[in-house]
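Containing compact mmCIF, C-alpha atoms: protein-v6.txt.
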```txt
# COMPACT_ATOMS: atom_id res chain seq x y z
CA MET A 1 0.63 178.04 133.48
CA ASN A 2 3.69 175.85 133.54
CA LYS A 3 4.52 174.70 137.02
CA LYS A 4 7.87 173.35 138.06
CA LYS A 5 7.55 169.72 139.12
CA ILE A 6 9.89 168.25 141.71
CA PHE A 7 10.52 164.54 141.22
CA PRO A 8 11.90 162.87 144.41
CA ILE A 9 15.05 160.81 144.03
CA LEU A 10 14.17 157.64 145.87
CA GLY A 11 16.66 155.05 144.67
CA VAL A 12 19.28 155.38 147.41
CA ALA A 13 16.65 155.74 150.13
CA LEU A 14 14.81 152.60 148.98
CA LEU A 15 18.03 150.60 148.92
CA SER A 16 18.97 151.85 152.37
CA GLY A 17 15.51 150.98 153.70
CA SER A 18 15.57 147.43 152.35
CA LEU A 19 18.93 146.77 153.98
CA GLN A 20 17.48 147.89 157.29
CA GLY A 21 14.31 145.89 156.84
CA CYS A 22 12.23 149.02 156.42
CA GLN A 23 9.36 148.77 153.95
CA THR A 24 8.33 152.44 153.66
CA PRO A 25 11.16 154.93 154.13
CA PRO A 26 9.95 158.34 155.32
CA VAL A 27 11.38 160.16 152.29
CA GLN A 28 9.25 158.10 149.94
CA ALA A 29 6.09 159.20 151.67
CA ASP A 30 7.13 162.82 152.15
CA ALA A 31 8.43 163.67 148.67
CA PRO A 32 5.04 163.61 146.86
CA ASN A 33 3.70 165.81 149.64
CA LYS A 34 6.38 168.37 148.80
CA VAL A 35 5.12 168.44 145.21
CA ASN A 36 1.56 168.93 146.44
CA ILE A 37 2.66 171.69 148.81
CA ASN A 38 4.47 173.56 146.03
CA ALA A 39 1.49 173.21 143.70
CA SER A 40 -0.81 174.45 146.44
CA GLN A 41 1.46 177.44 147.06
CA ASP A 42 1.42 178.28 143.32
CA VAL A 43 -2.37 178.19 143.28
CA LYS A 44 -2.61 180.42 146.34
CA LEU A 45 -0.13 182.89 144.82
CA GLU A 46 -2.14 183.08 141.58
CA GLU A 47 -5.37 183.58 143.53
CA LYS A 48 -3.77 186.38 145.56
CA LEU A 49 -2.35 188.12 142.47
CA MET A 50 -5.64 187.72 140.61
CA GLN A 51 -7.37 189.56 143.42
CA HIS A 52 -4.73 192.31 143.22
CA ALA A 53 -5.38 192.57 139.47
CA GLN A 54 -9.15 192.75 139.97
CA ASP A 55 -8.70 195.48 142.57
CA LYS A 56 -6.43 197.41 140.20
CA LEU A 57 -8.90 197.17 137.32
CA LYS A 58 -11.66 198.36 139.66
CA GLU A 59 -9.51 201.35 140.57
CA LEU A 60 -8.81 202.20 136.93
CA THR A 61 -12.20 201.56 135.32
CA GLY A 62 -14.78 201.33 138.10
CA ASN A 63 -15.70 197.86 136.86
CA THR A 64 -15.23 194.36 138.27
CA TYR A 65 -14.06 191.80 135.71
CA THR A 66 -13.76 188.05 135.62
CA LEU A 67 -10.11 187.24 134.97
CA ILE A 68 -8.55 184.19 133.35
CA GLN A 69 -4.96 183.10 132.95
CA GLY A 70 -2.92 184.86 130.31
CA THR A 71 0.23 183.76 128.50
CA ALA A 72 2.62 181.83 130.74
CA MET A 73 5.98 183.55 131.25
CA LYS A 74 9.00 182.87 133.42
CA ASP A 75 8.75 184.46 136.89
CA ILE A 76 5.59 186.31 135.78
CA VAL A 77 1.92 185.65 136.52
CA SER A 78 -0.30 186.81 133.66
CA PHE A 79 -4.04 187.46 133.42
CA LYS A 80 -6.56 188.90 130.99
CA ARG A 81 -10.19 189.86 131.17
CA GLU A 82 -12.51 187.08 130.09
CA ASN A 83 -13.50 187.49 126.42
CA PHE A 84 -10.76 190.05 125.71
CA LYS A 85 -7.94 188.92 123.43
CA HIS A 86 -5.18 191.46 123.83
CA ASP A 87 -5.11 192.51 127.50
CA ILE A 88 -1.75 192.78 129.21
CA ILE A 89 -2.08 192.22 132.96
CA THR A 90 1.11 190.88 134.51
CA TYR A 91 2.54 190.64 138.01
CA LYS A 92 5.91 189.50 139.23
CA LYS A 93 5.78 186.56 141.61
CA ASN A 94 6.90 188.84 144.43
CA GLY A 95 3.53 190.57 144.08
CA LYS A 96 4.78 193.68 142.26
CA LEU A 97 2.75 194.97 139.32
CA GLU A 98 4.69 194.52 136.09
CA ASP A 99 2.33 195.85 133.41
CA ILE A 100 -1.33 196.61 132.84
CA GLY A 101 -2.46 197.63 129.38
CA ILE A 102 -6.15 197.46 128.52
CA ASN A 103 -8.58 199.04 126.06
CA ILE A 104 -12.09 199.98 127.10
CA ASN A 105 -14.96 201.81 125.45
CA TYR A 106 -15.33 205.23 127.05
CA GLU A 107 -19.05 204.55 127.54
CA ASP A 108 -18.14 201.44 129.56
CA LEU A 109 -16.11 203.35 132.16
CA ASN A 110 -17.95 203.27 135.47
CA GLY A 111 -16.03 205.89 137.41
CA GLY A 112 -12.47 204.85 138.07
CA LYS A 113 -9.26 206.80 138.21
CA TYR A 114 -9.37 208.63 134.88
CA GLN A 115 -13.00 209.11 133.80
CA THR A 116 -13.62 212.54 135.34
CA LYS A 117 -10.29 213.89 134.11
CA LEU A 118 -10.90 212.57 130.62
CA LYS A 119 -14.37 214.10 130.45
CA LYS A 120 -13.13 217.56 131.50
CA THR A 121 -10.14 217.41 129.14
CA TRP A 122 -12.18 216.47 126.09
CA GLU A 123 -14.83 219.10 126.87
CA ALA A 124 -12.11 221.76 127.05
CA LEU A 125 -10.25 220.67 123.91
CA PHE A 126 -13.10 219.50 121.71
CA PRO A 127 -16.42 220.96 122.91
CA GLY A 128 -19.33 218.63 122.29
CA GLU A 129 -17.10 215.60 121.66
CA THR A 130 -16.14 212.64 123.79
CA PRO A 131 -13.62 209.86 123.22
CA LYS A 132 -14.87 206.59 121.81
CA TYR A 133 -12.30 204.34 123.43
CA VAL A 134 -9.55 204.60 126.01
CA SER A 135 -6.26 202.77 126.35
CA ILE A 136 -5.14 202.64 129.98
CA SER A 137 -1.57 201.82 130.96
CA GLU A 138 0.06 201.34 134.35
CA SER A 139 3.60 200.06 133.91
CA ILE A 140 7.28 200.95 133.81
CA TYR A 141 6.74 202.01 130.19
CA LEU A 142 3.79 204.39 130.52
CA VAL A 143 1.39 205.55 133.20
CA GLY A 144 -1.76 207.25 131.99
CA THR A 145 -4.23 207.07 129.14
CA THR A 146 -4.54 207.48 125.41
CA SER A 147 -8.13 208.38 124.57
CA SER A 148 -9.33 208.40 120.99
CA ASN A 149 -12.30 209.37 118.88
CA ALA A 150 -12.16 207.34 115.68
CA LYS A 151 -14.81 209.36 113.81
CA GLN A 152 -12.97 212.64 114.27
CA ASN A 153 -9.61 210.82 114.32
CA LYS A 154 -8.38 212.58 117.42
CA GLN A 155 -6.22 211.37 120.30
CA VAL A 156 -5.43 212.85 123.70
CA TYR A 157 -2.49 211.66 125.83
CA MET A 158 -2.88 212.11 129.57
CA GLU A 159 -0.34 211.27 132.26
CA ASP A 160 -1.01 209.68 135.62
CA ASN A 161 -1.28 213.02 137.43
CA GLY A 162 -3.95 214.25 135.02
CA GLU A 163 -1.57 216.52 133.13
CA LEU A 164 -2.14 216.71 129.41
CA HIS A 165 0.81 215.12 127.60
CA GLY A 166 -0.23 215.96 124.05
CA VAL A 167 -2.95 215.97 121.44
CA ASN A 168 -2.97 214.80 117.85
CA TYR A 169 -5.56 214.53 115.12
CA ALA A 170 -5.91 214.21 111.35
CA PRO A 171 -5.75 217.73 109.86
CA ASP A 172 -7.42 218.86 106.65
CA ALA A 173 -4.29 220.62 105.45
CA ALA A 174 -0.91 222.00 106.52
CA PRO A 175 0.44 225.51 105.87
CA ALA A 176 1.86 225.95 102.37
CA SER A 177 5.40 226.36 103.72
CA VAL A 178 5.13 223.04 105.55
CA GLN A 179 3.77 221.27 102.48
CA LYS A 180 6.63 222.60 100.33
CA LYS A 181 9.16 221.43 102.92
CA ALA A 182 7.51 217.99 103.04
CA ALA A 183 8.12 217.39 99.34
CA GLN A 184 11.80 218.28 99.78
CA VAL A 185 12.16 216.00 102.81
CA LEU A 186 10.61 212.98 101.08
CA SER A 187 13.00 213.34 98.15
CA LYS A 188 15.96 213.61 100.50
CA LEU A 189 15.02 210.61 102.68
CA THR A 190 14.54 208.42 99.60
CA ASN A 191 17.81 209.56 97.97
CA GLY A 192 15.89 211.32 95.21
CA LYS A 193 14.07 208.17 94.13
CA VAL A 194 10.65 209.47 95.24
CA LYS A 195 9.64 213.02 94.30
CA LYS A 196 6.03 212.98 95.52
CA GLY A 197 3.53 210.84 97.35
CA GLU A 198 3.83 212.10 100.92
CA LYS A 199 0.54 211.99 102.81
CA LEU A 200 -0.36 214.40 105.60
CA ASP A 201 -1.22 212.14 108.53
CA ARG A 202 -1.30 213.95 111.88
CA VAL A 203 -0.86 217.30 113.56
CA PHE A 204 0.60 217.26 117.08
CA VAL A 205 -0.46 220.03 119.42
CA LEU A 206 1.08 221.15 122.70
CA ASP A 207 -0.24 224.18 124.55
CA GLY A 208 1.78 227.29 123.70
CA LYS A 209 4.06 225.46 121.25
CA PRO A 210 4.18 225.42 117.45
CA ASN A 211 2.17 222.72 115.75
CA VAL A 212 4.06 219.72 114.38
CA TYR A 213 2.82 218.10 111.16
CA GLN A 214 3.59 214.47 110.40
CA TYR A 215 3.72 212.96 106.91
CA LYS A 216 3.88 209.34 105.80
CA TYR A 217 4.83 207.60 102.59
CA LYS A 218 4.35 203.90 101.92
CA SER A 219 5.40 201.77 98.96
CA LYS A 220 6.32 198.17 98.19
CA THR A 221 9.97 198.90 98.94
CA MET A 222 9.92 201.31 101.90
CA ASP A 223 7.93 203.17 104.53
CA VAL A 224 8.89 206.75 105.36
CA SER A 225 7.62 209.09 108.07
CA PHE A 226 8.70 212.57 109.13
CA ALA A 227 7.41 215.45 111.23
CA ILE A 228 7.90 219.17 110.56
CA GLU A 229 7.48 222.04 113.01
CA ASP A 230 5.34 224.67 111.31
CA GLN A 231 7.22 227.79 112.45
CA THR A 232 10.90 226.91 112.02
CA LEU A 233 10.29 224.11 109.46
CA GLU A 234 12.69 221.97 111.49
CA LEU A 235 12.44 218.20 111.27
CA LEU A 236 11.58 216.78 114.69
CA GLN A 237 11.23 213.19 113.48
CA ALA A 238 12.27 211.06 110.54
CA GLY A 239 12.27 207.33 109.95
CA VAL A 240 12.91 205.09 106.96
CA ASP A 241 11.96 201.39 107.01
CA ARG A 242 13.27 199.33 104.11
CA SER A 243 12.14 195.96 105.43
CA ASN A 244 9.66 195.89 102.55
CA GLY A 245 6.85 194.90 104.86
CA LYS A 246 8.42 191.57 105.65
CA GLY A 247 7.20 190.26 108.96
CA VAL A 248 7.86 187.12 110.95
CA ASP A 249 4.81 185.10 111.95
CA ASN A 250 6.75 182.52 113.95
CA TYR A 251 7.63 183.84 117.40
CA GLU A 252 10.66 181.57 117.77
CA GLN A 253 12.02 182.84 114.45
CA PHE A 254 11.34 186.41 115.53
CA GLN A 255 13.25 185.86 118.78
CA LYS A 256 16.14 184.28 116.88
CA GLU A 257 16.41 187.21 114.48
CA GLU A 258 16.18 189.75 117.29
CA LYS A 259 18.93 187.99 119.25
CA GLU A 260 21.15 187.94 116.17
CA LYS A 261 20.50 191.63 115.61
CA ASP A 262 21.18 192.48 119.27
CA ALA A 263 24.44 190.51 119.14
CA LYS A 264 25.63 192.45 116.09
CA ILE A 265 24.74 195.79 117.64
CA LYS A 266 26.47 194.82 120.89
CA LYS A 267 29.74 194.29 119.01
CA LEU A 268 29.67 197.87 117.70
CA THR A 269 31.69 200.28 119.84
CA LEU A 270 30.12 203.40 121.27
CA ASP A 271 32.61 205.46 119.27
CA THR A 272 31.47 203.82 116.03
CA LEU A 273 27.81 204.35 116.91
CA MET A 274 28.41 208.02 117.74
CA LYS A 275 30.17 208.63 114.42
CA ASN A 276 27.39 206.91 112.51
CA ALA A 277 24.72 208.79 114.44
CA MET A 278 26.30 212.17 113.75
CA LYS A 279 26.49 211.41 110.02
CA ASP A 280 22.97 209.96 109.76
CA ALA A 281 21.33 212.66 111.92
CA LYS A 282 22.85 215.32 109.68
CA MET A 283 21.60 213.57 106.57
CA MET A 284 18.13 212.57 107.79
CA ILE A 285 17.00 215.52 109.92
CA ASN A 286 19.79 218.09 109.40
CA PHE A 287 20.60 217.91 113.11
CA ASP A 288 24.08 218.42 114.55
CA LEU A 289 24.90 215.99 117.37
CA LYS A 290 28.25 217.63 118.09
CA GLY A 291 28.79 217.85 121.86
CA TYR A 292 26.13 215.24 122.60
CA LYS A 293 26.74 212.16 124.72
CA GLY A 294 25.25 208.90 123.53
CA ALA A 295 23.94 206.04 125.66
CA ARG A 296 22.80 202.63 124.51
CA GLY A 297 19.47 201.15 125.52
CA THR A 298 19.92 198.70 128.39
CA ASN A 299 16.51 197.05 128.51
CA ALA A 300 15.21 194.08 126.57
CA TRP A 301 12.91 196.31 124.52
CA ASP A 302 15.38 199.06 123.57
CA LYS A 303 18.68 197.36 122.78
CA ASP A 304 18.50 198.81 119.26
CA GLN A 305 17.97 202.35 120.53
CA MET A 306 20.25 205.15 121.64
CA THR A 307 19.60 208.33 123.58
CA PHE A 308 21.69 211.46 122.97
CA THR A 309 21.82 214.23 125.57
CA LYS A 310 23.47 217.62 125.85
CA LYS A 311 23.01 220.24 128.56
CA GLY A 312 20.61 222.94 127.46
CA ALA A 313 19.70 221.09 124.27
CA PRO A 314 16.80 218.79 123.32
CA THR A 315 17.16 215.06 123.88
CA VAL A 316 17.40 212.94 120.74
CA THR A 317 16.41 209.28 120.51
CA ALA A 318 17.36 207.06 117.59
CA THR A 319 17.04 203.49 116.37
CA VAL A 320 20.03 201.62 114.98
CA ASP A 321 20.20 198.74 112.47
CA ALA A 322 22.42 195.67 112.80
CA ASP A 323 25.03 197.24 110.51
CA GLY A 324 25.38 200.29 112.78
CA SER A 325 23.45 202.72 110.59
CA PHE A 326 20.48 204.64 112.02
CA ASN A 327 17.00 204.42 110.54
CA SER A 328 15.06 206.88 112.71
CA PHE A 329 15.49 209.98 114.89
CA ILE A 330 13.15 211.86 117.22
CA VAL A 331 14.04 215.28 118.62
CA GLU A 332 12.30 215.95 121.93
CA LYS A 333 12.48 219.68 121.50
CA TYR A 334 10.05 220.65 124.24
CA GLY A 335 11.09 218.11 126.82
CA GLN A 336 8.03 216.03 126.04
CA HIS A 337 8.12 212.89 123.95
CA LEU A 338 5.57 213.03 121.14
CA SER A 339 4.77 209.58 119.83
CA PHE A 340 5.18 209.85 116.07
CA GLY A 341 4.38 206.25 115.22
CA GLY A 342 1.22 204.22 114.89
CA ASN A 343 -1.29 206.92 115.70
CA THR A 344 -3.64 206.81 112.74
CA ILE A 345 -6.99 205.42 113.82
CA VAL A 346 -8.56 203.02 111.34
CA GLY A 347 -12.15 201.83 111.30
CA PRO A 348 -15.56 203.10 112.39
CA ALA A 349 -15.98 204.95 115.66
CA ASN A 350 -16.22 202.87 118.84
CA GLU A 351 -15.25 199.61 117.17
CA GLN A 352 -11.62 198.88 118.04
CA PRO A 353 -12.18 197.54 121.59
CA LYS A 354 -15.13 195.45 120.41
CA ILE A 355 -12.89 193.75 117.85
CA LEU A 356 -10.74 192.61 120.76
CA ILE A 357 -13.58 190.55 122.19
CA ASN A 358 -13.56 186.85 121.28
```
Translate the structure described by the file into structure tokens.
Amino acid sequence: MNKKKIFPILGVALLSGSLQGCQTPPVQADAPNKVNINASQDVKLEEKLMQHAQDKLKELTGNTYTLIQGTAMKDIVSFKRENFKHDIITYKKNGKLEDIGININYEDLNGGKYQTKLKKTWEALFPGETPKYVSISESIYLVGTTSSNAKQNKQVYMEDNGELHGVNYAPDAAPASVQKKAAQVLSKLTNGKVKKGEKLDRVFVLDGKPNVYQYKYKSKTMDVSFAIEDQTLELLQAGVDRSNGKGVDNYEQFQKEEKEKDAKIKKLTLDTLMKNAMKDAKMMINFDLKGYKGARGTNAWDKDQMTFTKKGAPTVTATVDADGSFNSFIVEKYGQHLSFGGNTIVGPANEQPKILIN
């Protein structure tokens, strides 16, 4: 961890001391001690926060872990479990928990906050099955778990209070009406350039609500995803990514590009964004945003997002490009946010957390 070093300015004091016949001015002796004191305080703070983190992990998993320093960040103290690559365990220097995000094999849970609730939930939803791994989050972004069974390709989202947030899994097939609609949607989202190739990916289930089927299409030039409600055939999600799979390996370059994008979006007026959103929502998901109020994202992670609200109507979230056009929409029809991205589980059962180990 980078520590701020304080270098004492001794020149004037030394000159003053020599004029007075003093050989060792007090400030010369004291200044290094100040550095040592600050360093000692930093060490004590890290030790205190590490204990907080260990206590929190014990609460969540029932296990006691050896922690090591994580990635150094400004005003943040970061840890991770020894031998785990991708843990996120961060505290602010005032002692407040910033973010915990860990993966653990279900079989490795040793009690903890969620184990009993997870066991009962899986037994009720999928008799005879248990999750293979569990992602546990405690942060301003998400509080709860995502438990998954890679072999059956099923996921269960549970909130902090034990309430079921949603379920999704890989279905064998969708109703014929949904499949017919999917072909039409793919053609529309690709401006008629792609007539077929959509792949049924997930079905999202909420108790007492219609099922929602998600499709994906991937090519060298674009990625497309969309979700269709099986009763009304309404589109509840659509996204088109034309980045052509181009990623940025260099973090500094990534930051530079994101800052440039944020700066361009910031220059766009709310009126311009609303007009573009109304046009794009109509085209992409056939949704009318008339009467909605739009709000920009205000956090570091959502500056390219907007939220649209209207009394008595579902909330809509959308992602905007640097040119002011929108590339994705999600309609939160039931007041619950279904995560339509990145849910397909890849690989043999019970393996993902083990890959994280060095």
Counting only C-alpha atoms, the residue among A:Ile100, A:Val134, A:Ile76, A:Val43 that lies closest to Gln155 of chain A is A:Val134
Could the residues of segment 212-261 of chain A that have an atom at most 9 Å from segment 286-305 of chain A be listed as a tab-separated table, each with its closest atom pair and the distance in Å to one decimal, counting all atoms listed in the file and ordered by chain and ascending residue number?
```
residue	atom	partner	partner_atom	distance
A:Glu234	CA	A:Asn286	CA	8.4
A:Leu235	CA	A:Asn286	CA	7.6
A:Lys261	CA	A:Asp304	CA	8.3
```
Residue nearest Val320 of chain A among A:Gly239, A:Gly197, A:Gly166, A:Pro131 (counting only C-alpha atoms)
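Of the candidates, the smallest distance to Val320 of chain A is held by A:Gly239.
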May I ask which of the residues A:Met284, A:Met73, A:Ala183, A:Leu118 is the closest one to Gly162 of chain A, counting all atoms listed in the file?
A:Leu118
For Leu164 of chain A, which residue among A:Thr221, A:Asn327, A:Thr116, A:Thr146 is the nearest when counting all atoms listed in the file?
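Distance minimum relative to Leu164 of chain A lands on A:Thr146.
Among A:Gln69, A:Thr319, A:Ser187, A:Asn110, the residue with the shortest atom-to-atom distance to Leu273 of chain A, counting only C-alpha atoms, is A:Thr319.
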A:Val331, A:Ala174, A:Val194, A:Leu270 ranked by distance to Ala238 of chain A, top pick (using all atoms listed in the file):
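Closest to Ala238 of chain A, using all atoms listed in the file: A:Val331.
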For a cutoff of 6 Å around the file-coordinate point (15.6, 212.5, 115.1), which residues qualify once you count only C-alpha atoms? I'd like the result as a ChimeraX atom specification.
/A:236-238,316,329-331
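In this structure, atom CA of Ser147 of chain A sits 6.2 Å away from atom CA of Ser135 of chain A.
Here atom CA of Asp280 of chain A stands at a distance of 28.9 Å from atom CA of His165 of chain A.
The spacing separating atom CA of Gly208 of chain A from atom CA of Leu125 of chain A amounts to 13.7 Å.
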Find the residues near Gln184 of chain A: any atom within 8 Å, counting all atoms listed in the file, skip ones fewer than 4 places away on the same chain, and give them as a PDB file with C-alpha atoms, in the coordinates of the input.
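The result, written out as around11.pdb:
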```
ATOM      1  CA  LYS A 180       6.630 222.600 100.330  1.00  0.00           C
ATOM      2  CA  LYS A 188      15.960 213.610 100.500  1.00  0.00           C
ATOM      3  CA  LYS A 195       9.640 213.020  94.300  1.00  0.00           C
TER       4      LYS A 195
END
```
Go ahead and find all residues with at least one atom no further than 8 Å from (2.5, 209.5, 107.8) in the file's coordinates, using all atoms listed in the file; report them as an MDAnalysis selection string.
chainID A and resid 198:202 214:217 224:226
With C-alpha atoms kept, could you save the residues just selected as a compact mmCIF listing (two decimals), keeping the file's coordinate frame?
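Wrote again_33.txt, looks like this:
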```txt
# COMPACT_ATOMS: atom_id res chain seq x y z
CA GLU A 198 3.83 212.10 100.92
CA LYS A 199 0.54 211.99 102.81
CA LEU A 200 -0.36 214.40 105.60
CA ASP A 201 -1.22 212.14 108.53
CA ARG A 202 -1.30 213.95 111.88
CA GLN A 214 3.59 214.47 110.40
CA TYR A 215 3.72 212.96 106.91
CA LYS A 216 3.88 209.34 105.80
CA TYR A 217 4.83 207.60 102.59
CA VAL A 224 8.89 206.75 105.36
CA SER A 225 7.62 209.09 108.07
CA PHE A 226 8.70 212.57 109.13
```
All heavy atoms restored at segment 318-327 of chain A, emitted as a PDB file, in the frame of the given file:
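Output saved as out-v2.pdb:
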```pdb
ATOM      1  N   ALA A 318      17.146 207.609 118.927  1.00  0.00           N
ATOM      2  CA  ALA A 318      17.360 207.060 117.590  1.00  0.00           C
ATOM      3  C   ALA A 318      17.371 205.549 117.630  1.00  0.00           C
ATOM      4  O   ALA A 318      17.649 204.941 118.663  1.00  0.00           O
ATOM      5  CB  ALA A 318      18.679 207.581 117.026  1.00  0.00           C
ATOM      6  N   THR A 319      17.062 204.948 116.502  1.00  0.00           N
ATOM      7  CA  THR A 319      17.040 203.490 116.370  1.00  0.00           C
ATOM      8  C   THR A 319      18.114 203.067 115.377  1.00  0.00           C
ATOM      9  O   THR A 319      18.230 203.630 114.289  1.00  0.00           O
ATOM     10  CB  THR A 319      15.672 203.003 115.873  1.00  0.00           C
ATOM     11  OG1 THR A 319      14.657 203.512 116.744  1.00  0.00           O
ATOM     12  CG2 THR A 319      15.606 201.481 115.869  1.00  0.00           C
ATOM     13  N   VAL A 320      18.889 202.048 115.772  1.00  0.00           N
ATOM     14  CA  VAL A 320      20.030 201.620 114.980  1.00  0.00           C
ATOM     15  C   VAL A 320      19.775 200.245 114.360  1.00  0.00           C
ATOM     16  O   VAL A 320      19.119 199.397 114.960  1.00  0.00           O
ATOM     17  CB  VAL A 320      21.326 201.594 115.839  1.00  0.00           C
ATOM     18  CG1 VAL A 320      21.191 200.612 116.983  1.00  0.00           C
ATOM     19  CG2 VAL A 320      22.549 201.295 114.998  1.00  0.00           C
ATOM     20  N   ASP A 321      20.285 200.042 113.133  1.00  0.00           N
ATOM     21  CA  ASP A 321      20.200 198.740 112.470  1.00  0.00           C
ATOM     22  C   ASP A 321      21.406 197.879 112.849  1.00  0.00           C
ATOM     23  O   ASP A 321      22.368 198.355 113.458  1.00  0.00           O
ATOM     24  CB  ASP A 321      20.173 198.921 110.950  1.00  0.00           C
ATOM     25  CG  ASP A 321      18.784 199.295 110.449  1.00  0.00           C
ATOM     26  OD1 ASP A 321      17.794 198.833 111.053  1.00  0.00           O
ATOM     27  OD2 ASP A 321      18.685 200.056 109.463  1.00  0.00           O
ATOM     28  N   ALA A 322      21.350 196.612 112.458  1.00  0.00           N
ATOM     29  CA  ALA A 322      22.420 195.670 112.800  1.00  0.00           C
ATOM     30  C   ALA A 322      23.765 196.081 112.240  1.00  0.00           C
ATOM     31  O   ALA A 322      24.811 195.757 112.804  1.00  0.00           O
ATOM     32  CB  ALA A 322      22.056 194.269 112.324  1.00  0.00           C
ATOM     33  N   ASP A 323      23.766 196.826 111.118  1.00  0.00           N
ATOM     34  CA  ASP A 323      25.030 197.240 110.510  1.00  0.00           C
ATOM     35  C   ASP A 323      25.593 198.523 111.111  1.00  0.00           C
ATOM     36  O   ASP A 323      26.634 199.017 110.695  1.00  0.00           O
ATOM     37  CB  ASP A 323      24.876 197.399 108.997  1.00  0.00           C
ATOM     38  CG  ASP A 323      23.883 198.504 108.632  1.00  0.00           C
ATOM     39  OD1 ASP A 323      23.295 199.118 109.538  1.00  0.00           O
ATOM     40  OD2 ASP A 323      23.681 198.736 107.416  1.00  0.00           O
ATOM     41  N   GLY A 324      24.896 199.084 112.111  1.00  0.00           N
ATOM     42  CA  GLY A 324      25.380 200.290 112.780  1.00  0.00           C
ATOM     43  C   GLY A 324      24.841 201.579 112.223  1.00  0.00           C
ATOM     44  O   GLY A 324      25.102 202.654 112.774  1.00  0.00           O
ATOM     45  N   SER A 325      24.071 201.507 111.131  1.00  0.00           N
ATOM     46  CA  SER A 325      23.450 202.720 110.590  1.00  0.00           C
ATOM     47  C   SER A 325      22.150 202.996 111.333  1.00  0.00           C
ATOM     48  O   SER A 325      21.559 202.101 111.931  1.00  0.00           O
ATOM     49  CB  SER A 325      23.182 202.558 109.095  1.00  0.00           C
ATOM     50  OG  SER A 325      22.244 201.515 108.866  1.00  0.00           O
ATOM     51  N   PHE A 326      21.693 204.243 111.297  1.00  0.00           N
ATOM     52  CA  PHE A 326      20.480 204.640 112.020  1.00  0.00           C
ATOM     53  C   PHE A 326      19.337 204.838 111.042  1.00  0.00           C
ATOM     54  O   PHE A 326      19.504 205.419 109.968  1.00  0.00           O
ATOM     55  CB  PHE A 326      20.748 205.915 112.816  1.00  0.00           C
ATOM     56  CG  PHE A 326      21.602 205.679 114.032  1.00  0.00           C
ATOM     57  CD1 PHE A 326      22.980 205.557 113.907  1.00  0.00           C
ATOM     58  CD2 PHE A 326      21.045 205.555 115.291  1.00  0.00           C
ATOM     59  CE1 PHE A 326      23.786 205.320 115.014  1.00  0.00           C
ATOM     60  CE2 PHE A 326      21.831 205.313 116.409  1.00  0.00           C
ATOM     61  CZ  PHE A 326      23.210 205.196 116.273  1.00  0.00           C
ATOM     62  N   ASN A 327      18.158 204.337 111.431  1.00  0.00           N
ATOM     63  CA  ASN A 327      17.000 204.420 110.540  1.00  0.00           C
ATOM     64  C   ASN A 327      15.920 205.372 111.020  1.00  0.00           C
ATOM     65  O   ASN A 327      14.946 205.623 110.315  1.00  0.00           O
ATOM     66  CB  ASN A 327      16.396 203.031 110.314  1.00  0.00           C
ATOM     67  CG  ASN A 327      15.974 202.366 111.613  1.00  0.00           C
ATOM     68  OD1 ASN A 327      15.162 202.887 112.364  1.00  0.00           O
ATOM     69  ND2 ASN A 327      16.538 201.194 111.885  1.00  0.00           N
TER      70      ASN A 327
END
```
